[in-house]
$ cat start31.txt   # compact mmCIF, C-alpha atoms (C1' of nucleotides)
# COMPACT_ATOMS: atom_id res chain seq x y z
CA MET A 1 192.69 160.19 -14.92
CA LYS A 2 194.94 160.89 -11.97
CA ARG A 3 193.10 162.37 -9.00
CA LYS A 4 194.93 164.79 -6.77
CA LYS A 5 194.33 164.53 -3.05
CA LYS A 6 191.67 166.93 -1.86
CA ILE A 7 192.88 170.32 -0.66
CA GLU A 8 192.68 170.74 3.12
CA PHE A 9 191.41 174.11 4.28
CA ARG A 10 193.13 175.54 7.33
CA SER A 11 190.13 177.56 8.43
CA GLU A 12 186.88 179.03 7.15
CA CYS A 13 188.51 182.40 6.59
CA PRO A 14 187.91 183.31 2.95
CA ILE A 15 191.47 184.56 2.49
CA SER A 16 193.01 181.49 4.02
CA THR A 17 190.79 179.28 1.86
CA ALA A 18 191.81 181.16 -1.27
CA LEU A 19 195.47 180.78 -0.32
CA ASP A 20 194.99 177.06 0.26
CA ILE A 21 194.02 176.90 -3.41
CA PHE A 22 196.29 179.36 -5.19
CA GLY A 23 198.68 180.59 -2.50
CA ASP A 24 201.94 179.70 -4.19
CA LYS A 25 204.34 181.12 -6.73
CA TRP A 26 202.88 179.41 -9.80
CA SER A 27 199.12 178.83 -9.79
CA LEU A 28 198.15 182.41 -10.54
CA LEU A 29 200.65 182.51 -13.39
CA ILE A 30 198.85 179.63 -15.07
CA ILE A 31 195.59 181.47 -14.48
CA ARG A 32 197.15 184.62 -15.90
CA ASP A 33 198.17 182.78 -19.06
CA LEU A 34 194.68 181.40 -19.49
CA MET A 35 193.14 184.80 -18.76
CA PHE A 36 195.30 187.18 -20.76
CA ASN A 37 197.75 185.31 -22.93
CA GLU A 38 195.55 182.89 -24.80
CA LYS A 39 197.58 179.94 -23.63
CA LYS A 40 195.62 176.74 -23.45
CA THR A 41 198.01 173.79 -23.57
CA TYR A 42 200.67 172.27 -21.37
CA SER A 43 203.49 173.20 -23.70
CA GLU A 44 202.25 176.76 -24.03
CA PHE A 45 202.32 177.17 -20.25
CA LEU A 46 205.89 175.85 -20.25
CA GLU A 47 206.96 178.60 -22.63
CA SER A 48 206.15 181.46 -20.26
CA GLU A 49 209.07 183.57 -19.26
CA GLU A 50 209.07 182.51 -15.60
CA LYS A 51 209.98 178.96 -16.68
CA ILE A 52 207.89 176.65 -14.56
CA ALA A 53 209.25 173.11 -14.16
CA THR A 54 207.34 170.35 -15.92
CA ASN A 55 206.51 168.42 -12.77
CA ILE A 56 205.30 171.53 -10.94
CA LEU A 57 203.13 172.46 -13.91
CA ALA A 58 201.54 169.02 -13.96
CA ASP A 59 200.96 169.24 -10.21
CA ARG A 60 199.39 172.69 -10.33
CA LEU A 61 197.14 171.79 -13.24
CA LEU A 62 195.78 168.88 -11.20
CA LEU A 63 195.31 171.10 -8.15
CA LEU A 64 193.53 173.82 -10.10
CA GLU A 65 191.38 171.20 -11.72
CA SER A 66 190.45 169.66 -8.38
CA ALA A 67 189.57 173.13 -7.11
CA GLU A 68 187.36 173.53 -10.19
CA ILE A 69 189.20 176.61 -11.40
CA ILE A 70 190.23 175.00 -14.67
CA SER A 71 188.93 172.06 -16.67
CA LYS A 72 190.42 169.77 -19.29
CA GLN A 73 188.81 169.56 -22.70
CA LYS A 74 189.47 167.73 -25.93
CA HIS A 75 191.62 169.74 -28.27
CA PRO A 76 189.74 170.30 -31.53
CA GLU A 77 192.83 169.96 -33.71
CA SER A 78 194.70 167.04 -32.27
CA LYS A 79 194.33 164.35 -29.72
CA ALA A 80 197.95 164.63 -28.72
CA LYS A 81 197.02 167.98 -27.23
CA VAL A 82 194.94 168.77 -24.16
CA LEU A 83 193.00 171.98 -23.98
CA TYR A 84 192.79 173.66 -20.60
CA LYS A 85 190.24 176.34 -19.90
CA LEU A 86 189.00 178.42 -17.02
CA THR A 87 185.73 177.34 -15.43
CA SER A 88 183.24 179.98 -14.33
CA LYS A 89 184.88 179.86 -10.90
CA GLY A 90 188.19 180.57 -12.60
CA ILE A 91 186.76 183.34 -14.77
CA ASP A 92 185.38 184.81 -11.58
CA LEU A 93 188.96 185.45 -10.46
CA ILE A 94 189.28 188.27 -13.00
CA PRO A 95 188.74 191.06 -10.42
CA VAL A 96 191.35 189.55 -8.10
CA VAL A 97 193.93 189.28 -10.86
CA VAL A 98 193.14 192.75 -12.17
CA GLU A 99 193.56 194.31 -8.72
CA ILE A 100 196.89 192.54 -8.33
CA ILE A 101 198.02 193.96 -11.65
CA LEU A 102 196.93 197.46 -10.65
CA TRP A 103 198.67 197.25 -7.29
CA SER A 104 201.86 195.87 -8.75
CA GLU A 105 201.90 198.44 -11.51
CA ARG A 106 201.57 201.26 -8.97
CA HIS A 107 204.47 200.00 -6.89
CA HIS A 108 206.94 198.25 -9.15
CA GLU A 109 208.71 198.43 -12.45
CA VAL A 110 206.63 196.38 -14.87
CA HIS A 111 206.34 195.63 -18.58
CA PRO A 112 205.08 198.50 -20.71
CA TYR A 113 202.04 196.48 -21.78
CA ALA A 114 201.12 196.17 -18.10
CA LYS A 115 201.24 199.93 -17.71
CA GLN A 116 199.03 200.28 -20.74
CA PHE A 117 196.60 197.73 -19.35
CA ALA A 118 196.46 199.59 -16.04
CA LYS A 119 195.74 202.83 -17.83
CA MET A 120 192.84 201.27 -19.68
CA VAL A 121 191.41 199.71 -16.55
CA LYS A 122 191.55 203.07 -14.78
CA LYS A 123 189.48 204.63 -17.54
CA ASP A 124 186.65 202.13 -17.26
CA LYS A 125 187.12 199.31 -14.80
CA GLU A 126 183.61 197.92 -14.99
CA GLY A 127 183.70 197.85 -18.76
CA MET A 128 187.07 196.18 -18.81
CA LEU A 129 186.00 193.51 -16.34
CA LYS A 130 182.91 192.76 -18.39
CA GLN A 131 184.86 192.59 -21.61
CA LEU A 132 187.42 190.20 -20.15
CA LYS A 133 184.65 188.03 -18.78
CA ASN A 134 182.88 187.92 -22.12
CA GLU A 135 186.05 187.00 -23.96
CA LEU A 136 186.63 184.09 -21.61
CA SER A 137 183.06 182.88 -21.45
CA GLU A 138 182.71 181.96 -25.12
CA MET B 1 218.52 194.93 12.69
CA LYS B 2 218.59 191.79 10.62
CA ARG B 3 218.37 192.39 6.88
CA LYS B 4 216.65 189.84 4.74
CA LYS B 5 218.16 189.11 1.35
CA LYS B 6 216.51 191.11 -1.39
CA ILE B 7 213.62 189.47 -3.20
CA GLU B 8 214.47 188.36 -6.74
CA PHE B 9 211.79 189.05 -9.32
CA ARG B 10 211.31 186.34 -11.93
CA SER B 11 210.05 188.74 -14.56
CA GLU B 12 208.54 192.18 -15.01
CA CYS B 13 205.05 190.75 -15.15
CA PRO B 14 203.05 192.53 -12.45
CA ILE B 15 201.39 189.32 -11.29
CA SER B 16 204.64 187.42 -11.10
CA THR B 17 206.20 190.31 -9.17
CA ALA B 18 203.32 190.37 -6.71
CA LEU B 19 203.65 186.61 -6.22
CA ASP B 20 207.38 186.98 -5.63
CA ILE B 21 206.41 189.15 -2.65
CA PHE B 22 203.30 187.55 -1.17
CA GLY B 23 202.81 184.35 -3.17
CA ASP B 24 202.80 181.90 -0.30
CA LYS B 25 200.39 180.47 2.23
CA TRP B 26 201.13 182.94 5.04
CA SER B 27 202.02 186.49 3.98
CA LEU B 28 198.50 187.55 3.09
CA LEU B 29 197.23 186.17 6.41
CA ILE B 30 199.55 188.52 8.27
CA ILE B 31 198.31 191.33 6.05
CA ARG B 32 194.73 190.25 6.75
CA ASP B 33 195.34 190.42 10.49
CA LEU B 34 196.81 193.90 10.19
CA MET B 35 194.01 194.99 7.87
CA PHE B 36 190.91 193.59 9.53
CA ASN B 37 191.74 192.07 12.89
CA GLU B 38 193.58 194.84 14.65
CA LYS B 39 196.57 192.61 15.27
CA LYS B 40 199.81 194.49 15.58
CA THR B 41 202.32 192.37 17.48
CA TYR B 42 204.22 189.15 16.93
CA SER B 43 202.31 187.27 19.61
CA GLU B 44 198.98 188.46 18.26
CA PHE B 45 199.85 187.08 14.81
CA LEU B 46 200.76 183.77 16.43
CA GLU B 47 197.29 183.50 17.95
CA SER B 48 195.45 183.37 14.61
CA GLU B 49 193.55 180.21 13.97
CA GLU B 50 195.74 178.99 11.11
CA LYS B 51 198.64 178.61 13.58
CA ILE B 52 201.70 179.93 11.83
CA ALA B 53 205.04 178.61 13.12
CA THR B 54 207.23 181.10 14.99
CA ASN B 55 210.18 180.87 12.60
CA ILE B 56 207.95 181.27 9.55
CA LEU B 57 206.29 184.29 11.11
CA ALA B 58 209.66 185.91 11.81
CA ASP B 59 210.75 185.18 8.25
CA ARG B 60 207.58 186.59 6.65
CA LEU B 61 207.68 189.72 8.79
CA LEU B 62 211.21 190.39 7.53
CA LEU B 63 210.17 189.73 3.93
CA LEU B 64 207.14 191.98 4.13
CA GLU B 65 209.26 194.64 5.75
CA SER B 66 211.90 194.42 3.03
CA ALA B 67 209.13 194.70 0.42
CA GLU B 68 207.95 197.81 2.28
CA ILE B 69 204.49 196.42 2.89
CA ILE B 70 204.83 196.60 6.66
CA SER B 71 207.05 198.60 9.01
CA LYS B 72 208.21 198.15 12.59
CA GLN B 73 207.43 200.83 15.14
CA LYS B 74 208.03 201.36 18.83
CA HIS B 75 205.18 200.10 20.91
CA PRO B 76 203.74 202.95 22.98
CA GLU B 77 203.04 200.79 26.02
CA SER B 78 206.09 198.62 26.37
CA LYS B 79 209.55 198.20 24.95
CA ALA B 80 209.26 194.44 25.14
CA LYS B 81 206.70 194.72 22.37
CA VAL B 82 207.13 195.60 18.70
CA LEU B 83 204.35 197.26 16.80
CA TYR B 84 203.90 196.27 13.18
CA LYS B 85 201.83 198.33 10.82
CA LEU B 86 200.95 198.48 7.16
CA THR B 87 202.79 201.04 5.06
CA SER B 88 200.90 202.90 2.35
CA LYS B 89 201.99 200.21 -0.09
CA GLY B 90 200.47 197.66 2.27
CA ILE B 91 197.27 199.66 2.75
CA ASP B 92 197.07 199.83 -1.00
CA LEU B 93 196.51 196.07 -1.04
CA ILE B 94 192.99 196.55 0.33
CA PRO B 95 191.28 196.10 -3.07
CA VAL B 96 193.23 192.90 -3.72
CA VAL B 97 192.32 191.42 -0.36
CA VAL B 98 188.70 192.52 -0.64
CA GLU B 99 188.34 190.90 -4.07
CA ILE B 100 189.83 187.68 -2.72
CA ILE B 101 187.28 187.72 0.10
CA LEU B 102 184.43 188.30 -2.34
CA TRP B 103 185.58 185.52 -4.66
CA SER B 104 186.10 183.06 -1.84
CA GLU B 105 182.76 183.89 -0.27
CA ARG B 106 180.99 183.27 -3.59
CA HIS B 107 182.59 179.87 -4.04
CA HIS B 108 183.27 178.36 -0.63
CA GLU B 109 181.84 177.82 2.79
CA VAL B 110 183.17 180.65 4.95
CA HIS B 111 182.68 182.21 8.38
CA PRO B 112 179.36 184.03 8.83
CA TYR B 113 181.17 187.31 9.47
CA ALA B 114 182.79 186.95 6.05
CA LYS B 115 179.37 186.59 4.45
CA GLN B 116 178.23 189.69 6.27
CA PHE B 117 181.32 191.57 5.12
CA ALA B 118 180.69 190.51 1.52
CA LYS B 119 177.11 191.71 1.76
CA MET B 120 178.22 195.11 2.96
CA VAL B 121 180.86 195.43 0.25
CA LYS B 122 178.30 194.59 -2.40
CA LYS B 123 176.10 197.43 -1.18
CA ASP B 124 178.80 200.08 -1.51
CA LYS B 125 182.20 198.87 -2.56
CA GLU B 126 183.78 202.28 -3.07
CA GLY B 127 182.57 203.49 0.31
CA MET B 128 183.83 200.37 2.03
CA LEU B 129 187.26 200.61 0.41
CA LYS B 130 187.57 204.24 1.46
CA GLN B 131 186.48 203.51 5.00
CA LEU B 132 188.98 200.68 5.36
CA LYS B 133 191.71 202.88 3.99
CA ASN B 134 190.88 205.68 6.39
CA GLU B 135 190.86 203.37 9.37
CA LEU B 136 194.30 202.10 8.49
CA SER B 137 195.83 205.43 7.56
CA GLU B 138 195.51 207.04 11.00
C1' DC C 1 208.64 154.67 -40.74
C1' DA C 2 211.81 157.61 -38.34
C1' DA C 3 211.94 161.94 -36.13
C1' DT C 4 209.42 165.16 -33.59
C1' DT C 5 205.83 166.84 -30.68
C1' DT C 6 202.84 166.59 -26.69
C1' DA C 7 201.78 165.67 -22.09
C1' DC C 8 203.29 164.09 -18.86
C1' DT C 9 206.38 160.88 -14.94
C1' DT C 10 210.52 159.67 -12.33
C1' DG C 11 214.68 160.24 -9.51
C1' DC C 12 217.33 162.92 -6.86
C1' DA C 13 219.44 167.15 -4.78
C1' DA C 14 218.35 171.53 -2.72
C1' DA C 15 215.34 174.58 -0.47
C1' DA C 16 211.37 175.65 2.31
C1' DT C 17 208.36 174.38 5.98
C1' DG C 18 206.92 172.77 10.51
C1' DC C 19 207.71 171.52 15.17
C1' DA C 20 209.86 171.69 19.64
C1' DA C 21 212.97 173.73 22.39
C1' DG C 22 215.95 177.51 23.67
C1' DT C 23 217.41 182.49 24.48
C1' DA C 24 217.66 187.30 25.77
C1' DG C 25 215.59 191.37 27.07
C1' DT C 26 211.44 193.35 29.60
C1' DT C 27 207.68 193.44 32.70
C1' DT C 28 204.95 191.63 36.39
C1' DT C 29 204.35 189.24 40.67
C1' DT C 30 205.50 188.11 45.26
C1' DA D 1 214.82 192.53 44.71
C1' DA D 2 214.44 188.01 43.13
C1' DA D 3 211.54 184.86 40.66
C1' DA D 4 208.23 184.02 37.31
C1' DA D 5 206.14 185.24 33.13
C1' DC D 6 205.90 187.56 28.82
C1' DT D 7 207.66 189.15 24.30
C1' DA D 8 210.08 188.60 20.18
C1' DC D 9 212.53 186.12 18.39
C1' DT D 10 216.52 181.95 17.03
C1' DT D 11 218.16 177.22 16.50
C1' DG D 12 218.22 172.34 15.28
C1' DC D 13 216.29 168.85 12.96
C1' DA D 14 212.76 166.01 10.46
C1' DT D 15 209.46 166.34 6.79
C1' DT D 16 207.70 168.26 2.67
C1' DT D 17 208.01 170.86 -1.45
C1' DT D 18 210.56 172.53 -5.23
C1' DG D 19 213.65 172.42 -9.11
C1' DC D 20 216.36 170.22 -12.53
C1' DA D 21 217.48 166.63 -15.80
C1' DA D 22 216.22 162.77 -17.95
C1' DG D 23 212.87 159.42 -19.45
C1' DT D 24 208.33 157.59 -21.43
C1' DA D 25 204.27 156.73 -24.28
C1' DA D 26 200.98 158.10 -27.43
C1' DA D 27 200.08 161.02 -31.42
C1' DT D 28 201.67 163.59 -35.38
C1' DT D 29 204.77 165.14 -39.08
C1' DG D 30 208.18 164.85 -42.80
$ encode --input "start31.txt" --output "structure tokens"
Amino acid sequence: MKRKKKIEFRSECPISTALDIFGDKWSLLIIRDLMFNEKKTYSEFLESEEKIATNILADRLLLLESAEIISKQKHPESKAKVLYKLTSKGIDLIPVVVEIILWSERHHEVHPYAKQFAKMVKKDKEGMLKQLKNELSE
Amino acid sequence: MKRKKKIEFRSECPISTALDIFGDKWSLLIIRDLMFNEKKTYSEFLESEEKIATNILADRLLLLESAEIISKQKHPESKAKVLYKLTSKGIDLIPVVVEIILWSERHHEVHPYAKQFAKMVKKDKEGMLKQLKNELSE
DNA sequence: CAATTTACTTGCAAAATGCAAGTAGTTTTT
DNA sequence: AAAAACTACTTGCATTTTGCAAGTAAATTG
């Protein structure tokens, strides 16, 4: 098991600390795929439309694991596969990700399904957050 | 007026698009300083404890300006100074930044003032969001 | 048992970052 | 009014990170 060097925090500012963990172009996309797209394995993450490079994916998975946002599990079907899942700390990022989606949807051209999602969240944000959390906590 | 090359979006995913704009270690810290720390000028941003490099700061200010998250204004006191402020699109990031603070405060060691802020948000999130928005919209 | 799949690693070029120093207006000090 | 200091940058260069292509080793499939 390869251990990634511990993340150095630049300050005790909560925003800075968060950025030290997921402040890059890729980490939140992995989290998105775990959160909304039912992706769980290395090769599934590779398929996403933004086309992350294999070495970057491996690096980010290690980083997110060392930050305890994701964890590795045995895949029930095959031992060639590795199952990644969000930890409770990762699941706890739901409100952050949802607010990013809402902001982006208000200000940019986005996929129709994102517009639909935003519409549903606006109807009942609390309910939606709870539902997402439940789905991921199983 | 130096124009920064237009940001390329990797996809129409709202999260990916947001990351194309502020998915790095510094942009959200500038936004934080504008949002919570009453910083408005280049040299004030440089003073923050994370110590951004001058060239990176200049680059991020251009990027945020081209994404219409901040705008440059004349400084009322001096024409040696430049006043940066959040646009309405930038102000609209308040919920994102607040959720990041809440998440980080729950899971990491942070400044005491951040804990205090989290406590106040938990009491009345809607009120706090409105108040922050009002303060920035003047 | 050969081909394919899965989860990576490696090597190298290109891009981004970080640091120190420099510059060009503007304002303050003497 | 000249010199010093301040403000908002830019420049050059070393270091680090990213991106791409190819390779590997174990597990699985045909």
$ closest_residue --input "start31.txt" --among "A:Cys13, A:Ile30, A:Met35, A:Ala80" --to "chain C" --atoms "all atoms listed in the file"
A:Ala80
$ interface_residues --input "start31.txt" --of "chain A" --to "chain C" --cutoff "10 Å" --atoms "all atoms listed in the file" --output "PDB file with C-alpha atoms, in the coordinates of the input"
ATOM      1  CA  THR A  41     198.010 173.790 -23.570  1.00  0.00           C
ATOM      2  CA  TYR A  42     200.670 172.270 -21.370  1.00  0.00           C
ATOM      3  CA  SER A  43     203.490 173.200 -23.700  1.00  0.00           C
ATOM      4  CA  THR A  54     207.340 170.350 -15.920  1.00  0.00           C
ATOM      5  CA  ASN A  55     206.510 168.420 -12.770  1.00  0.00           C
ATOM      6  CA  LEU A  57     203.130 172.460 -13.910  1.00  0.00           C
ATOM      7  CA  ALA A  58     201.540 169.020 -13.960  1.00  0.00           C
ATOM      8  CA  SER A  78     194.700 167.040 -32.270  1.00  0.00           C
ATOM      9  CA  LYS A  79     194.330 164.350 -29.720  1.00  0.00           C
ATOM     10  CA  ALA A  80     197.950 164.630 -28.720  1.00  0.00           C
ATOM     11  CA  LYS A  81     197.020 167.980 -27.230  1.00  0.00           C
ATOM     12  CA  VAL A  82     194.940 168.770 -24.160  1.00  0.00           C
TER      13      VAL A  82
END
$ calpha_fit_and_write --input "start31.txt" --fixed "chain A" --moving "chain B" --output "JSON list (two decimals) with C-alpha atoms, in the coordinates of the input"
[["chain", "number", "residue", "atom", "x", "y", "z"],
["B", 1, "MET", "CA", 192.55, 160.12, -14.89],
["B", 2, "LYS", "CA", 194.81, 160.85, -11.97],
["B", 3, "ARG", "CA", 193.04, 162.32, -8.95],
["B", 4, "LYS", "CA", 194.88, 164.74, -6.77],
["B", 5, "LYS", "CA", 194.31, 164.50, -3.04],
["B", 6, "LYS", "CA", 191.68, 166.92, -1.85],
["B", 7, "ILE", "CA", 192.89, 170.30, -0.65],
["B", 8, "GLU", "CA", 192.69, 170.74, 3.12],
["B", 9, "PHE", "CA", 191.43, 174.12, 4.27],
["B", 10, "ARG", "CA", 193.16, 175.54, 7.33],
["B", 11, "SER", "CA", 190.15, 177.55, 8.42],
["B", 12, "GLU", "CA", 186.91, 179.03, 7.14],
["B", 13, "CYS", "CA", 188.52, 182.40, 6.60],
["B", 14, "PRO", "CA", 187.92, 183.30, 2.96],
["B", 15, "ILE", "CA", 191.47, 184.56, 2.48],
["B", 16, "SER", "CA", 193.03, 181.50, 4.03],
["B", 17, "THR", "CA", 190.80, 179.29, 1.87],
["B", 18, "ALA", "CA", 191.82, 181.15, -1.27],
["B", 19, "LEU", "CA", 195.49, 180.78, -0.31],
["B", 20, "ASP", "CA", 194.99, 177.07, 0.27],
["B", 21, "ILE", "CA", 194.03, 176.90, -3.41],
["B", 22, "PHE", "CA", 196.30, 179.36, -5.19],
["B", 23, "GLY", "CA", 198.69, 180.60, -2.50],
["B", 24, "ASP", "CA", 201.94, 179.70, -4.20],
["B", 25, "LYS", "CA", 204.34, 181.14, -6.73],
["B", 26, "TRP", "CA", 202.88, 179.42, -9.80],
["B", 27, "SER", "CA", 199.11, 178.84, -9.79],
["B", 28, "LEU", "CA", 198.14, 182.42, -10.53],
["B", 29, "LEU", "CA", 200.65, 182.52, -13.40],
["B", 30, "ILE", "CA", 198.84, 179.64, -15.07],
["B", 31, "ILE", "CA", 195.58, 181.48, -14.48],
["B", 32, "ARG", "CA", 197.15, 184.64, -15.91],
["B", 33, "ASP", "CA", 198.17, 182.78, -19.06],
["B", 34, "LEU", "CA", 194.67, 181.40, -19.50],
["B", 35, "MET", "CA", 193.14, 184.79, -18.75],
["B", 36, "PHE", "CA", 195.28, 187.18, -20.76],
["B", 37, "ASN", "CA", 197.74, 185.30, -22.93],
["B", 38, "GLU", "CA", 195.55, 182.89, -24.81],
["B", 39, "LYS", "CA", 197.58, 179.93, -23.61],
["B", 40, "LYS", "CA", 195.62, 176.73, -23.45],
["B", 41, "THR", "CA", 198.01, 173.78, -23.58],
["B", 42, "TYR", "CA", 200.68, 172.28, -21.37],
["B", 43, "SER", "CA", 203.51, 173.21, -23.72],
["B", 44, "GLU", "CA", 202.25, 176.77, -24.03],
["B", 45, "PHE", "CA", 202.33, 177.17, -20.24],
["B", 46, "LEU", "CA", 205.89, 175.85, -20.24],
["B", 47, "GLU", "CA", 206.96, 178.60, -22.63],
["B", 48, "SER", "CA", 206.15, 181.48, -20.25],
["B", 49, "GLU", "CA", 209.08, 183.57, -19.24],
["B", 50, "GLU", "CA", 209.08, 182.52, -15.58],
["B", 51, "LYS", "CA", 209.99, 178.97, -16.67],
["B", 52, "ILE", "CA", 207.89, 176.65, -14.57],
["B", 53, "ALA", "CA", 209.26, 173.11, -14.15],
["B", 54, "THR", "CA", 207.33, 170.34, -15.92],
["B", 55, "ASN", "CA", 206.49, 168.39, -12.77],
["B", 56, "ILE", "CA", 205.31, 171.52, -10.95],
["B", 57, "LEU", "CA", 203.14, 172.46, -13.90],
["B", 58, "ALA", "CA", 201.54, 169.01, -13.96],
["B", 59, "ASP", "CA", 200.96, 169.22, -10.22],
["B", 60, "ARG", "CA", 199.39, 172.70, -10.34],
["B", 61, "LEU", "CA", 197.15, 171.79, -13.25],
["B", 62, "LEU", "CA", 195.78, 168.88, -11.21],
["B", 63, "LEU", "CA", 195.31, 171.11, -8.16],
["B", 64, "LEU", "CA", 193.54, 173.82, -10.10],
["B", 65, "GLU", "CA", 191.38, 171.20, -11.73],
["B", 66, "SER", "CA", 190.45, 169.65, -8.39],
["B", 67, "ALA", "CA", 189.58, 173.14, -7.11],
["B", 68, "GLU", "CA", 187.37, 173.52, -10.19],
["B", 69, "ILE", "CA", 189.20, 176.60, -11.40],
["B", 70, "ILE", "CA", 190.24, 174.99, -14.67],
["B", 71, "SER", "CA", 188.93, 172.05, -16.68],
["B", 72, "LYS", "CA", 190.43, 169.75, -19.30],
["B", 73, "GLN", "CA", 188.83, 169.54, -22.71],
["B", 74, "LYS", "CA", 189.49, 167.70, -25.94],
["B", 75, "HIS", "CA", 191.62, 169.70, -28.29],
["B", 76, "PRO", "CA", 189.75, 170.27, -31.56],
["B", 77, "GLU", "CA", 192.85, 169.95, -33.73],
["B", 78, "SER", "CA", 194.73, 167.03, -32.29],
["B", 79, "LYS", "CA", 194.34, 164.27, -29.75],
["B", 80, "ALA", "CA", 197.96, 164.59, -28.73],
["B", 81, "LYS", "CA", 197.02, 167.93, -27.24],
["B", 82, "VAL", "CA", 194.94, 168.75, -24.16],
["B", 83, "LEU", "CA", 193.01, 171.97, -23.97],
["B", 84, "TYR", "CA", 192.78, 173.65, -20.60],
["B", 85, "LYS", "CA", 190.26, 176.34, -19.91],
["B", 86, "LEU", "CA", 188.99, 178.41, -17.03],
["B", 87, "THR", "CA", 185.73, 177.33, -15.44],
["B", 88, "SER", "CA", 183.26, 179.97, -14.32],
["B", 89, "LYS", "CA", 184.88, 179.86, -10.89],
["B", 90, "GLY", "CA", 188.19, 180.56, -12.60],
["B", 91, "ILE", "CA", 186.76, 183.34, -14.76],
["B", 92, "ASP", "CA", 185.38, 184.80, -11.59],
["B", 93, "LEU", "CA", 188.95, 185.45, -10.45],
["B", 94, "ILE", "CA", 189.28, 188.28, -12.98],
["B", 95, "PRO", "CA", 188.73, 191.06, -10.40],
["B", 96, "VAL", "CA", 191.35, 189.54, -8.10],
["B", 97, "VAL", "CA", 193.93, 189.29, -10.85],
["B", 98, "VAL", "CA", 193.13, 192.76, -12.17],
["B", 99, "GLU", "CA", 193.56, 194.31, -8.72],
["B", 100, "ILE", "CA", 196.89, 192.54, -8.32],
["B", 101, "ILE", "CA", 198.02, 193.98, -11.66],
["B", 102, "LEU", "CA", 196.93, 197.47, -10.65],
["B", 103, "TRP", "CA", 198.67, 197.26, -7.28],
["B", 104, "SER", "CA", 201.86, 195.88, -8.75],
["B", 105, "GLU", "CA", 201.90, 198.46, -11.52],
["B", 106, "ARG", "CA", 201.55, 201.27, -8.97],
["B", 107, "HIS", "CA", 204.45, 200.02, -6.88],
["B", 108, "HIS", "CA", 206.93, 198.26, -9.15],
["B", 109, "GLU", "CA", 208.70, 198.46, -12.45],
["B", 110, "VAL", "CA", 206.63, 196.39, -14.87],
["B", 111, "HIS", "CA", 206.34, 195.63, -18.59],
["B", 112, "PRO", "CA", 205.08, 198.55, -20.70],
["B", 113, "TYR", "CA", 202.05, 196.53, -21.78],
["B", 114, "ALA", "CA", 201.11, 196.19, -18.11],
["B", 115, "LYS", "CA", 201.23, 199.96, -17.71],
["B", 116, "GLN", "CA", 199.02, 200.32, -20.75],
["B", 117, "PHE", "CA", 196.60, 197.75, -19.36],
["B", 118, "ALA", "CA", 196.46, 199.60, -16.03],
["B", 119, "LYS", "CA", 195.74, 202.85, -17.84],
["B", 120, "MET", "CA", 192.84, 201.30, -19.68],
["B", 121, "VAL", "CA", 191.40, 199.74, -16.54],
["B", 122, "LYS", "CA", 191.55, 203.07, -14.76],
["B", 123, "LYS", "CA", 189.49, 204.64, -17.53],
["B", 124, "ASP", "CA", 186.64, 202.14, -17.25],
["B", 125, "LYS", "CA", 187.12, 199.34, -14.79],
["B", 126, "GLU", "CA", 183.61, 197.93, -14.99],
["B", 127, "GLY", "CA", 183.69, 197.88, -18.77],
["B", 128, "MET", "CA", 187.08, 196.19, -18.81],
["B", 129, "LEU", "CA", 186.01, 193.52, -16.33],
["B", 130, "LYS", "CA", 182.91, 192.76, -18.39],
["B", 131, "GLN", "CA", 184.87, 192.60, -21.62],
["B", 132, "LEU", "CA", 187.42, 190.21, -20.14],
["B", 133, "LYS", "CA", 184.65, 188.05, -18.79],
["B", 134, "ASN", "CA", 182.89, 187.93, -22.13],
["B", 135, "GLU", "CA", 186.04, 187.00, -23.97],
["B", 136, "LEU", "CA", 186.63, 184.10, -21.63],
["B", 137, "SER", "CA", 183.06, 182.89, -21.44],
["B", 138, "GLU", "CA", 182.71, 181.97, -25.12]]
$ interface_residues --input "start31.txt" --of "chain B" --to "chain A" --cutoff "9 Å" --atoms "only C-alpha atoms" --output "MDAnalysis selection string"
chainID B and resid 10:20 22:26 28:29 32 49:51 89 92:93 95:111 114
$ interface_residues --input "start31.txt" --of "chain D" --to "chain B" --cutoff "9 Å" --atoms "only C-alpha atoms (C1' of nucleotides)" --output "PDB file with C-alpha atoms (C1' of nucleotides), keeping the file's coordinate frame"
ATOM      1  C1'  DC D   6     205.900 187.560  28.820  1.00  0.00           C
ATOM      2  C1'  DT D   7     207.660 189.150  24.300  1.00  0.00           C
ATOM      3  C1'  DA D   8     210.080 188.600  20.180  1.00  0.00           C
ATOM      4  C1'  DC D   9     212.530 186.120  18.390  1.00  0.00           C
ATOM      5  C1'  DT D  10     216.520 181.950  17.030  1.00  0.00           C
TER       6       DT D  10
END
$ atom_distance --input "start31.txt" --atom1 "CA of Phe36 (chain B)" --atom2 "CA of Ala53 (chain B)"
20.9 Å
$ atom_distance --input "start31.txt" --atom1 "CA of Lys40 (chain A)" --atom2 "CA of Glu138 (chain A)"
14.0 Å
$ atom_distance --input "start31.txt" --atom1 "CA of Asn37 (chain B)" --atom2 "CA of Leu132 (chain B)"
11.8 Å
